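Text of the file data-v3.pdb, holding PDB, C-alpha atoms and all ligand atoms:
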```pdb
ATOM      1  CA  MET A 179      -3.359  13.869 -16.771
ATOM      2  CA  ILE A 180      -3.590  10.094 -16.830
ATOM      3  CA  VAL A 181      -0.578   8.535 -18.591
ATOM      4  CA  LEU A 182      -1.424   5.224 -20.274
ATOM      5  CA  LYS A 183       1.389   2.648 -20.521
ATOM      6  CA  ASN A 184       2.062   0.547 -23.604
ATOM      7  CA  THR A 185       3.033  -3.137 -23.527
ATOM      8  CA  ASP A 186       6.769  -2.435 -23.289
ATOM      9  CA  GLN A 187       6.254   0.044 -20.477
ATOM     10  CA  LEU A 188       4.043  -2.413 -18.611
ATOM     11  CA  ALA A 189       6.833  -4.995 -18.891
ATOM     12  CA  TYR A 190       9.239  -2.531 -17.244
ATOM     13  CA  MET A 191       6.663  -1.809 -14.570
ATOM     14  CA  ARG A 192       6.297  -5.513 -13.927
ATOM     15  CA  GLU A 193      10.063  -5.671 -13.267
ATOM     16  CA  ALA A 194       9.872  -2.754 -10.818
ATOM     17  CA  GLY A 195       6.831  -4.423  -9.279
ATOM     18  CA  LYS A 196       8.555  -7.775  -8.798
ATOM     19  CA  ILE A 197      11.446  -6.120  -6.981
ATOM     20  CA  THR A 198       8.973  -4.222  -4.807
ATOM     21  CA  GLY A 199       7.072  -7.405  -4.001
ATOM     22  CA  GLU A 200      10.217  -9.382  -3.266
ATOM     23  CA  ALA A 201      11.515  -6.743  -0.822
ATOM     24  CA  LEU A 202       8.142  -6.576   0.891
ATOM     25  CA  SER A 203       7.882 -10.365   1.244
ATOM     26  CA  LEU A 204      11.434 -10.602   2.558
ATOM     27  CA  ALA A 205      10.646  -8.043   5.265
ATOM     28  CA  GLY A 206       7.342  -9.761   6.020
ATOM     29  CA  GLU A 207       9.118 -13.056   6.626
ATOM     30  CA  ALA A 208      11.476 -11.313   9.060
ATOM     31  CA  VAL A 209       8.650  -9.822  11.148
ATOM     32  CA  ARG A 210       8.898 -11.189  14.690
ATOM     33  CA  PRO A 211       8.871  -9.893  18.257
ATOM     34  CA  GLY A 212      12.168  -8.134  19.047
ATOM     35  CA  ILE A 213      13.084  -6.900  15.574
ATOM     36  CA  SER A 214      13.272  -3.132  15.027
ATOM     37  CA  THR A 215      11.637  -1.362  12.131
ATOM     38  CA  TYR A 216      15.127  -0.038  11.295
ATOM     39  CA  GLU A 217      16.323  -3.612  10.730
ATOM     40  CA  LEU A 218      13.361  -4.319   8.448
ATOM     41  CA  ASP A 219      14.029  -1.115   6.547
ATOM     42  CA  THR A 220      17.683  -2.059   6.047
ATOM     43  CA  MET A 221      16.687  -5.468   4.650
ATOM     44  CA  ILE A 222      14.308  -3.792   2.231
ATOM     45  CA  ARG A 223      16.904  -1.285   1.030
ATOM     46  CA  LYS A 224      19.521  -3.986   0.494
ATOM     47  CA  CYS A 225      17.097  -6.203  -1.407
ATOM     48  CA  ILE A 226      16.057  -3.345  -3.700
ATOM     49  CA  GLU A 227      19.651  -2.240  -4.290
ATOM     50  CA  LYS A 228      20.774  -5.813  -4.993
ATOM     51  CA  HIS A 229      18.518  -5.689  -8.058
ATOM     52  CA  GLY A 230      20.025  -2.404  -9.243
ATOM     53  CA  ALA A 231      16.886  -0.529  -8.246
ATOM     54  CA  LYS A 232      16.357   2.351  -5.830
ATOM     55  CA  PRO A 233      13.935   2.644  -2.914
ATOM     56  CA  SER A 234      11.218   4.992  -4.197
ATOM     57  CA  PHE A 235      10.487   6.460  -0.778
ATOM     58  CA  LEU A 236      14.067   7.206   0.338
ATOM     59  CA  GLY A 237      14.375  10.997   0.212
ATOM     60  CA  TYR A 238      10.842  11.411  -1.230
ATOM     61  CA  GLY A 239       9.784  14.775   0.202
ATOM     62  CA  GLY A 240      12.683  14.252   2.609
ATOM     63  CA  PHE A 241      11.459  10.891   3.949
ATOM     64  CA  PRO A 242      14.399   9.328   5.834
ATOM     65  CA  GLY A 243      13.625   5.605   5.341
ATOM     66  CA  SER A 244      13.510   3.172   2.421
ATOM     67  CA  ALA A 245      10.103   1.867   3.515
ATOM     68  CA  CYS A 246       7.233   3.246   5.569
ATOM     69  CA  ILE A 247       6.752   0.992   8.583
ATOM     70  CA  SER A 248       3.764   1.708  10.800
ATOM     71  CA  ILE A 249       2.755  -0.135  13.983
ATOM     72  CA  ASN A 250      -0.776  -0.635  15.424
ATOM     73  CA  ASP A 251      -2.612   2.743  15.427
ATOM     74  CA  GLN A 252      -0.054   4.175  13.021
ATOM     75  CA  VAL A 253      -1.835   4.172   9.672
ATOM     76  CA  ILE A 254       0.903   5.043   7.169
ATOM     77  CA  HIS A 255       4.239   6.868   6.772
ATOM     78  CA  GLY A 256       5.835   5.442   9.930
ATOM     79  CA  ILE A 257       9.557   6.244  10.023
ATOM     80  CA  PRO A 258      11.816   3.207  10.504
ATOM     81  CA  SER A 259      13.681   3.478  13.804
ATOM     82  CA  LYS A 260      16.050   1.475  15.988
ATOM     83  CA  LYS A 261      13.770   2.446  18.878
ATOM     84  CA  ALA A 262      10.654   0.959  17.278
ATOM     85  CA  ILE A 263      10.885  -2.679  18.382
ATOM     86  CA  LEU A 264       8.053  -5.019  17.361
ATOM     87  CA  LYS A 265       6.408  -6.921  20.172
ATOM     88  CA  ASP A 266       4.096  -9.898  20.432
ATOM     89  CA  GLY A 267       0.513  -8.918  19.547
ATOM     90  CA  ASP A 268       1.418  -5.896  17.392
ATOM     91  CA  ILE A 269       0.362  -5.508  13.794
ATOM     92  CA  VAL A 270       2.835  -3.858  11.437
ATOM     93  CA  LYS A 271       2.238  -2.230   8.072
ATOM     94  CA  ILE A 272       5.131  -2.276   5.643
ATOM     95  CA  ASP A 273       4.873  -0.092   2.561
ATOM     96  CA  VAL A 274       7.579  -0.495  -0.106
ATOM     97  CA  GLY A 275       8.370   1.259  -3.367
ATOM     98  CA  ALA A 276      11.106   0.382  -5.862
ATOM     99  CA  PHE A 277      12.244   2.470  -8.815
ATOM    100  CA  TYR A 278      13.749   0.463 -11.670
ATOM    101  CA  ARG A 279      14.559   1.464 -15.242
ATOM    102  CA  GLY A 280      12.414   4.558 -15.000
ATOM    103  CA  TYR A 281       9.318   3.126 -13.318
ATOM    104  CA  HIS A 282       7.997   2.667  -9.808
ATOM    105  CA  GLY A 283       6.290  -0.179  -8.005
ATOM    106  CA  ASP A 284       4.294   0.459  -4.813
ATOM    107  CA  SER A 285       2.934  -2.203  -2.467
ATOM    108  CA  ALA A 286       1.984  -2.582   1.190
ATOM    109  CA  ARG A 287       0.813  -5.317   3.502
ATOM    110  CA  THR A 288      -0.040  -5.700   7.179
ATOM    111  CA  PHE A 289       1.674  -8.457   9.164
ATOM    112  CA  PRO A 290       0.806  -9.884  12.577
ATOM    113  CA  VAL A 291       3.680  -9.961  15.073
ATOM    114  CA  GLY A 292       3.651 -13.248  16.992
ATOM    115  CA  GLU A 293       0.200 -14.022  18.412
ATOM    116  CA  VAL A 294      -2.319 -11.259  17.734
ATOM    117  CA  SER A 295      -5.919 -10.810  18.911
ATOM    118  CA  PRO A 296      -8.743 -12.266  16.806
ATOM    119  CA  GLU A 297      -9.935  -8.674  16.228
ATOM    120  CA  ALA A 298      -6.546  -7.633  14.849
ATOM    121  CA  MET A 299      -6.453 -10.683  12.569
ATOM    122  CA  ARG A 300      -9.971  -9.950  11.349
ATOM    123  CA  LEU A 301      -8.983  -6.359  10.549
ATOM    124  CA  ILE A 302      -6.007  -7.572   8.507
ATOM    125  CA  GLU A 303      -8.213 -10.002   6.589
ATOM    126  CA  VAL A 304     -11.050  -7.561   5.947
ATOM    127  CA  THR A 305      -8.535  -5.001   4.651
ATOM    128  CA  LYS A 306      -6.980  -7.518   2.260
ATOM    129  CA  GLU A 307     -10.374  -8.741   1.057
ATOM    130  CA  SER A 308     -11.541  -5.142   0.499
ATOM    131  CA  PHE A 309      -8.664  -4.714  -1.955
ATOM    132  CA  TYR A 310      -9.843  -7.786  -3.895
ATOM    133  CA  ARG A 311     -13.411  -6.466  -3.881
ATOM    134  CA  GLY A 312     -12.000  -3.290  -5.403
ATOM    135  CA  ILE A 313     -10.022  -4.924  -8.193
ATOM    136  CA  ALA A 314     -12.947  -7.219  -9.032
ATOM    137  CA  GLN A 315     -14.583  -4.069 -10.440
ATOM    138  CA  ILE A 316     -11.884  -3.578 -13.045
ATOM    139  CA  GLY A 317     -13.237  -4.302 -16.491
ATOM    140  CA  GLU A 318     -14.752  -2.869 -19.640
ATOM    141  CA  GLY A 319     -16.580   0.399 -18.945
ATOM    142  CA  ALA A 320     -15.780   0.512 -15.245
ATOM    143  CA  ARG A 321     -14.997   3.748 -13.462
ATOM    144  CA  ILE A 322     -12.742   4.715 -10.568
ATOM    145  CA  GLY A 323     -15.807   5.252  -8.362
ATOM    146  CA  ASP A 324     -16.769   1.585  -8.786
ATOM    147  CA  ILE A 325     -13.520   0.521  -7.116
ATOM    148  CA  GLY A 326     -13.856   2.823  -4.115
ATOM    149  CA  ASN A 327     -17.517   2.021  -3.703
ATOM    150  CA  ALA A 328     -16.821  -1.727  -3.595
ATOM    151  CA  ILE A 329     -14.010  -1.288  -1.061
ATOM    152  CA  ASP A 330     -15.975   1.048   1.207
ATOM    153  CA  SER A 331     -19.152  -1.059   1.081
ATOM    154  CA  TYR A 332     -17.301  -4.206   2.096
ATOM    155  CA  VAL A 333     -15.427  -2.418   4.894
ATOM    156  CA  ARG A 334     -18.645  -0.899   6.271
ATOM    157  CA  GLU A 335     -20.422  -4.268   6.152
ATOM    158  CA  ASN A 336     -17.694  -5.478   8.460
ATOM    159  CA  GLY A 337     -18.107  -2.585  10.874
ATOM    160  CA  TYR A 338     -14.896  -0.769  10.010
ATOM    161  CA  ASN A 339     -14.103   2.531   8.308
ATOM    162  CA  VAL A 340     -11.822   3.403   5.390
ATOM    163  CA  VAL A 341      -9.449   6.319   5.810
ATOM    164  CA  ARG A 342     -10.619   9.190   3.619
ATOM    165  CA  LYS A 343      -7.726  11.621   3.903
ATOM    166  CA  TYR A 344      -5.220   9.336   2.131
ATOM    167  CA  ILE A 345      -6.032   7.518  -1.085
ATOM    168  CA  GLY A 346      -4.621   5.447  -3.927
ATOM    169  CA  HIS A 347      -3.074   6.916  -7.048
ATOM    170  CA  GLY A 348      -1.715   6.345 -10.518
ATOM    171  CA  VAL A 349       1.823   4.924 -10.724
ATOM    172  CA  GLY A 350       4.405   5.138 -13.510
ATOM    173  CA  ARG A 351       7.487   7.259 -14.070
ATOM    174  CA  GLU A 352       6.250   9.154 -11.034
ATOM    175  CA  LEU A 353       5.401   7.462  -7.746
ATOM    176  CA  HIS A 354       2.167   9.424  -7.543
ATOM    177  CA  GLU A 355       0.360  10.133 -10.809
ATOM    178  CA  ASP A 356      -3.226  10.743 -11.858
ATOM    179  CA  PRO A 357      -5.848   9.524 -11.334
ATOM    180  CA  GLU A 358      -6.667   9.744  -7.650
ATOM    181  CA  VAL A 359      -8.062   6.419  -6.444
ATOM    182  CA  PRO A 360     -10.142   6.929  -3.279
ATOM    183  CA  ASN A 361     -11.158   3.916  -1.189
ATOM    184  CA  PHE A 362     -14.715   5.246  -1.197
ATOM    185  CA  GLY A 363     -16.947   6.787  -3.821
ATOM    186  CA  THR A 364     -20.018   6.457  -5.928
ATOM    187  CA  ALA A 365     -20.398   3.616  -8.419
ATOM    188  CA  GLY A 366     -20.563   4.879 -12.000
ATOM    189  CA  ARG A 367     -18.627   8.078 -11.202
ATOM    190  CA  GLY A 368     -15.055   9.213 -11.741
ATOM    191  CA  PRO A 369     -12.602   8.619 -14.588
ATOM    192  CA  ARG A 370     -13.335   5.673 -16.855
ATOM    193  CA  LEU A 371     -10.798   2.839 -16.645
ATOM    194  CA  ALA A 372      -8.808   2.160 -19.794
ATOM    195  CA  ALA A 373      -6.282  -0.481 -20.799
ATOM    196  CA  GLY A 374      -2.791   0.797 -19.973
ATOM    197  CA  MET A 375      -3.791   2.597 -16.789
ATOM    198  CA  VAL A 376      -1.671   1.660 -13.790
ATOM    199  CA  ILE A 377      -3.025   2.444 -10.336
ATOM    200  CA  ALA A 378      -2.045   1.730  -6.754
ATOM    201  CA  ILE A 379      -5.161   0.544  -4.967
ATOM    202  CA  GLU A 380      -4.523   0.792  -1.255
ATOM    203  CA  PRO A 381      -7.298   0.530   1.289
ATOM    204  CA  MET A 382      -6.360   1.820   4.749
ATOM    205  CA  VAL A 383      -8.947   0.474   7.168
ATOM    206  CA  ASN A 384      -9.557   1.634  10.745
ATOM    207  CA  VAL A 385     -11.343  -0.318  13.476
ATOM    208  CA  GLY A 386     -12.771   2.978  14.780
ATOM    209  CA  THR A 387     -13.187   6.428  13.275
ATOM    210  CA  HIS A 388     -11.923   7.152   9.762
ATOM    211  CA  GLU A 389     -10.252  10.268  11.123
ATOM    212  CA  VAL A 390      -6.492  10.454  11.341
ATOM    213  CA  LYS A 391      -3.857  12.912  12.512
ATOM    214  CA  GLU A 392      -0.206  13.508  11.762
ATOM    215  CA  LEU A 393       2.404  13.259  14.509
ATOM    216  CA  SER A 394       4.889  16.052  15.225
ATOM    217  CA  ASP A 395       7.624  14.113  13.366
ATOM    218  CA  GLY A 396       5.958  15.475  10.237
ATOM    219  CA  TRP A 397       5.320  12.021   8.772
ATOM    220  CA  THR A 398       3.623   9.409  10.904
ATOM    221  CA  VAL A 399      -0.143   9.308  10.425
ATOM    222  CA  VAL A 400      -2.111   7.751  13.313
ATOM    223  CA  THR A 401      -5.785   7.047  13.924
ATOM    224  CA  ALA A 402      -7.498   9.909  15.777
ATOM    225  CA  ASP A 403      -8.928   7.510  18.379
ATOM    226  CA  GLY A 404      -5.809   5.374  18.902
ATOM    227  CA  LYS A 405      -7.481   2.218  17.552
ATOM    228  CA  LEU A 406      -5.875  -0.202  15.099
ATOM    229  CA  SER A 407      -5.457   0.384  11.382
ATOM    230  CA  ALA A 408      -4.458  -1.947   8.533
ATOM    231  CA  HIS A 409      -3.240  -1.346   4.978
ATOM    232  CA  TYR A 410      -3.080  -3.448   1.808
ATOM    233  CA  GLU A 411      -1.740  -2.240  -1.530
ATOM    234  CA  HIS A 412      -0.685  -3.493  -4.931
ATOM    235  CA  THR A 413       0.246  -1.653  -8.094
ATOM    236  CA  VAL A 414      -2.400  -2.802 -10.565
ATOM    237  CA  ALA A 415      -2.396  -2.600 -14.362
ATOM    238  CA  VAL A 416      -5.728  -2.275 -16.140
ATOM    239  CA  THR A 417      -5.637  -4.485 -19.248
ATOM    240  CA  SER A 418      -8.179  -5.679 -21.790
ATOM    241  CA  ASN A 419      -8.201  -8.929 -19.784
ATOM    242  CA  GLY A 420      -8.883  -7.208 -16.459
ATOM    243  CA  ALA A 421      -6.595  -6.399 -13.533
ATOM    244  CA  VAL A 422      -2.971  -7.549 -13.410
ATOM    245  CA  LEU A 423      -1.107  -7.223 -10.101
ATOM    246  CA  LEU A 424       2.320  -5.870 -11.001
ATOM    247  CA  THR A 425       3.715  -6.083  -7.459
ATOM    248  CA  GLU A 426       2.752  -9.682  -6.832
ATOM    249  CA  VAL A 427       5.798 -11.894  -6.301
TER
HETATM  250 MG    MG A 501       2.582   2.411  -0.851
HETATM  251 MG    MG A 502       0.712   4.086  -2.782
END
```
Would it be possible to restate this file's structure as structure tokens?
Amino acid sequence: MIVLKNTDQLAYMREAGKITGEALSLAGEAVRPGISTYELDTMIRKCIEKHGAKPSFLGYGGFPGSACISINDQVIHGIPSKKAILKDGDIVKIDVGAFYRGYHGDSARTFPVGEVSPEAMRLIEVTKESFYRGIAQIGEGARIGDIGNAIDSYVRENGYNVVRKYIGHGVGRELHEDPEVPNFGTAGRGPRLAAGMVIAIEPMVNVGTHEVKELSDGWTVVTADGKLSAHYEHTVAVTSNGAVLLTEV
């Protein structure tokens, strides 16, 4: 069931979103060779808690970190660790959720570590742009399939592949709500967008195959071929004036 949010609820979600975005930006600014993903995770937790909010992911299904931090071929759900030290040329995906006054925010970005290859930089940029192609579809009469179709088409044009096993989702009182928001699909199909819907749109883009596998830690998802993957996500409100990014700082 898709839960629509009224104006007051959207204002609360904007607060949760701002905290999410601030924690993510703070961690992004700290990305550098030599820092561990544990240190980034600690910064994120402290920033969220400073605002009186809670990290949405901490304890979610037993997840041990406050953020998911995934390096290079790790797609999503990387577990922060003192042993995971960023090095020059890596790309790192940081995915943050904050729960505040009953609502969640959910946002992710991919950051270059030091000097990265032109291919890695291009992947990061194509992934980000694919998100904007997706939200450009949001408007009167649009459907969920329009978003995924726009994302997937743009990614394919650039020679990459969207992950199909993991997708976007509704956000609200629950971190994951209806509807499902795939990063692929058929234009004109799927649930119709309506003002008050809040969805996390989150393309995960692989240089190689779309196929992924889960590591034996029970969390970390990696590309099946070991090639790079990037991720970009905002929590987006559908309004009568189009898309509003709730997790933008
Ligand atoms: Mg996320
Ligand atoms: Mg999400």
Review point. Which residues, protein or nucleic acid, reach to within 8 Å of (-0.9, -3.2, -17.1) in the file's coordinates when using only C-alpha atoms, and can you give that as a ChimeraX atom specification?
Key: /A:183,185,188,373-376,414-417,421-422,424
**Study point:** Exercise answer, 7 Å around ligand MG 501 (chain A) with all atoms listed in the file, as an MDAnalysis selection string
**Key:** chainID A and resid 273:275 284:286 411
**Study point:** Given 12 Å and only C-alpha atoms and all ligand atoms, residues near ligand MG 502 (chain A) as an NGL selection string
**Key:** :A and (198 or 234-235 or 245-246 or 254-255 or 272-276 or 282-287 or 344-350 or 352-356 or 358-361 or 376-382 or 409-414 or 425)
What does the file look like for those residues with C-alpha atoms, as a tab-separated table (two decimals), in the coordinates of the input?
```tsv
chain	number	residue	atom	x	y	z
A	198	THR	CA	8.97	-4.22	-4.81
A	234	SER	CA	11.22	4.99	-4.20
A	235	PHE	CA	10.49	6.46	-0.78
A	245	ALA	CA	10.10	1.87	3.52
A	246	CYS	CA	7.23	3.25	5.57
A	254	ILE	CA	0.90	5.04	7.17
A	255	HIS	CA	4.24	6.87	6.77
A	272	ILE	CA	5.13	-2.28	5.64
A	273	ASP	CA	4.87	-0.09	2.56
A	274	VAL	CA	7.58	-0.50	-0.11
A	275	GLY	CA	8.37	1.26	-3.37
A	276	ALA	CA	11.11	0.38	-5.86
A	282	HIS	CA	8.00	2.67	-9.81
A	283	GLY	CA	6.29	-0.18	-8.01
A	284	ASP	CA	4.29	0.46	-4.81
A	285	SER	CA	2.93	-2.20	-2.47
A	286	ALA	CA	1.98	-2.58	1.19
A	287	ARG	CA	0.81	-5.32	3.50
A	344	TYR	CA	-5.22	9.34	2.13
A	345	ILE	CA	-6.03	7.52	-1.08
A	346	GLY	CA	-4.62	5.45	-3.93
A	347	HIS	CA	-3.07	6.92	-7.05
A	348	GLY	CA	-1.72	6.34	-10.52
A	349	VAL	CA	1.82	4.92	-10.72
A	350	GLY	CA	4.40	5.14	-13.51
A	352	GLU	CA	6.25	9.15	-11.03
A	353	LEU	CA	5.40	7.46	-7.75
A	354	HIS	CA	2.17	9.42	-7.54
A	355	GLU	CA	0.36	10.13	-10.81
A	356	ASP	CA	-3.23	10.74	-11.86
A	358	GLU	CA	-6.67	9.74	-7.65
A	359	VAL	CA	-8.06	6.42	-6.44
A	360	PRO	CA	-10.14	6.93	-3.28
A	361	ASN	CA	-11.16	3.92	-1.19
A	376	VAL	CA	-1.67	1.66	-13.79
A	377	ILE	CA	-3.02	2.44	-10.34
A	378	ALA	CA	-2.04	1.73	-6.75
A	379	ILE	CA	-5.16	0.54	-4.97
A	380	GLU	CA	-4.52	0.79	-1.25
A	381	PRO	CA	-7.30	0.53	1.29
A	382	MET	CA	-6.36	1.82	4.75
A	409	HIS	CA	-3.24	-1.35	4.98
A	410	TYR	CA	-3.08	-3.45	1.81
A	411	GLU	CA	-1.74	-2.24	-1.53
A	412	HIS	CA	-0.68	-3.49	-4.93
A	413	THR	CA	0.25	-1.65	-8.09
A	414	VAL	CA	-2.40	-2.80	-10.56
A	425	THR	CA	3.72	-6.08	-7.46
```
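Shortest separation to Pro233 (chain A) among A:Tyr278, A:Tyr190, A:Phe362, A:Tyr310 occurs at residue A:Tyr278, atoms counted being all atoms listed in the file.
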Practice item. Taking the point (-13.0, 3.9, -8.5) as given in the file, collect each protein or nucleic acid residue that comes within 7 Å of it, counting all atoms listed in the file, and present the set as number ranges by chain. Key: A: 321-327, 359-360, 363, 368
Check your understanding: Any idea what the distance is between CA of Arg367 (chain A) and CA of Gln315 (chain A)?
Key -> 12.8 Å
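Distances from A:Pro296, A:Gly280, A:Pro357, A:Pro369 to Val181 (chain A) were compared using all atoms listed in the file, and the smallest one belongs to A:Pro357.
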Review point. Expanded to explicit residues, what is the PyMOL selection byres (((chain A and resi 203-211) around 7) and not hetatm) for this file, as a list in words?
Key: Gly199, Glu200, Ala201, Leu202, Gly212, Ile213, Leu218, Met221, Ile222, Leu264, Lys265, Asp266, Phe289, Val291 and Gly292 of chain A
What are the centre and edge lengths in Å, to one decimal, of the axis-aligned box around all listed atoms of region 213-217 of chain A with 3 Å added on each side, as AutoDock Vina command-line options?
```
--center_x 14.0 --center_y -3.5 --center_z 13.2 --size_x 10.7 --size_y 12.9 --size_z 10.8
```
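We find CA of Gln252 (chain A) and CA of Glu217 (chain A) to be spaced 18.3 Å apart.
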Taking the structure in the block just given, could you write region 332-345 of chain A with N, CA, C and O atoms, as a tab-separated table (two decimals), in the first residue's frame?
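Resulting contents of out_1.tsv:
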```tsv
chain	number	residue	atom	x	y	z
A	332	TYR	N	19.40	5.86	-20.26
A	332	TYR	CA	20.59	6.72	-20.20
A	332	TYR	C	21.84	5.90	-19.85
A	332	TYR	O	22.90	6.09	-20.44
A	333	VAL	N	21.69	4.98	-18.91
A	333	VAL	CA	22.83	4.15	-18.49
A	333	VAL	C	23.30	3.27	-19.66
A	333	VAL	O	24.50	3.16	-19.93
A	334	ARG	N	22.37	2.67	-20.36
A	334	ARG	CA	22.72	1.83	-21.52
A	334	ARG	C	23.41	2.64	-22.61
A	334	ARG	O	24.38	2.17	-23.21
A	335	GLU	N	22.88	3.84	-22.88
A	335	GLU	CA	23.51	4.71	-23.89
A	335	GLU	C	24.98	4.94	-23.58
A	335	GLU	O	25.79	5.17	-24.47
A	336	ASN	N	25.29	4.90	-22.31
A	336	ASN	CA	26.67	5.14	-21.88
A	336	ASN	C	27.47	3.85	-21.70
A	336	ASN	O	28.60	3.88	-21.19
A	337	GLY	N	26.87	2.74	-22.09
A	337	GLY	CA	27.60	1.47	-22.10
A	337	GLY	C	27.68	0.76	-20.77
A	337	GLY	O	28.45	-0.19	-20.61
A	338	TYR	N	26.88	1.20	-19.81
A	338	TYR	CA	26.88	0.57	-18.49
A	338	TYR	C	25.56	-0.18	-18.26
A	338	TYR	O	24.65	-0.13	-19.10
A	339	ASN	N	25.46	-0.81	-17.11
A	339	ASN	CA	24.26	-1.59	-16.78
A	339	ASN	C	23.75	-1.26	-15.39
A	339	ASN	O	24.53	-1.18	-14.44
A	340	VAL	N	22.42	-1.10	-15.26
A	340	VAL	CA	21.85	-0.88	-13.92
A	340	VAL	C	21.68	-2.24	-13.24
A	340	VAL	O	21.37	-3.24	-13.88
A	341	VAL	N	21.90	-2.23	-11.94
A	341	VAL	CA	21.65	-3.41	-11.12
A	341	VAL	C	20.14	-3.66	-11.10
A	341	VAL	O	19.36	-2.71	-10.98
A	342	ARG	N	19.75	-4.90	-11.25
A	342	ARG	CA	18.31	-5.21	-11.31
A	342	ARG	C	17.79	-5.85	-10.02
A	342	ARG	O	16.60	-5.79	-9.74
A	343	LYS	N	18.72	-6.44	-9.28
A	343	LYS	CA	18.29	-7.18	-8.08
A	343	LYS	C	17.91	-6.24	-6.93
A	343	LYS	O	17.11	-6.62	-6.07
A	344	TYR	N	18.49	-5.05	-6.90
A	344	TYR	CA	18.18	-4.09	-5.82
A	344	TYR	C	17.61	-2.83	-6.45
A	344	TYR	O	18.10	-2.39	-7.51
A	345	ILE	N	16.59	-2.29	-5.81
A	345	ILE	CA	15.83	-1.20	-6.44
A	345	ILE	C	15.47	-0.12	-5.42
A	345	ILE	O	15.68	-0.30	-4.22
```
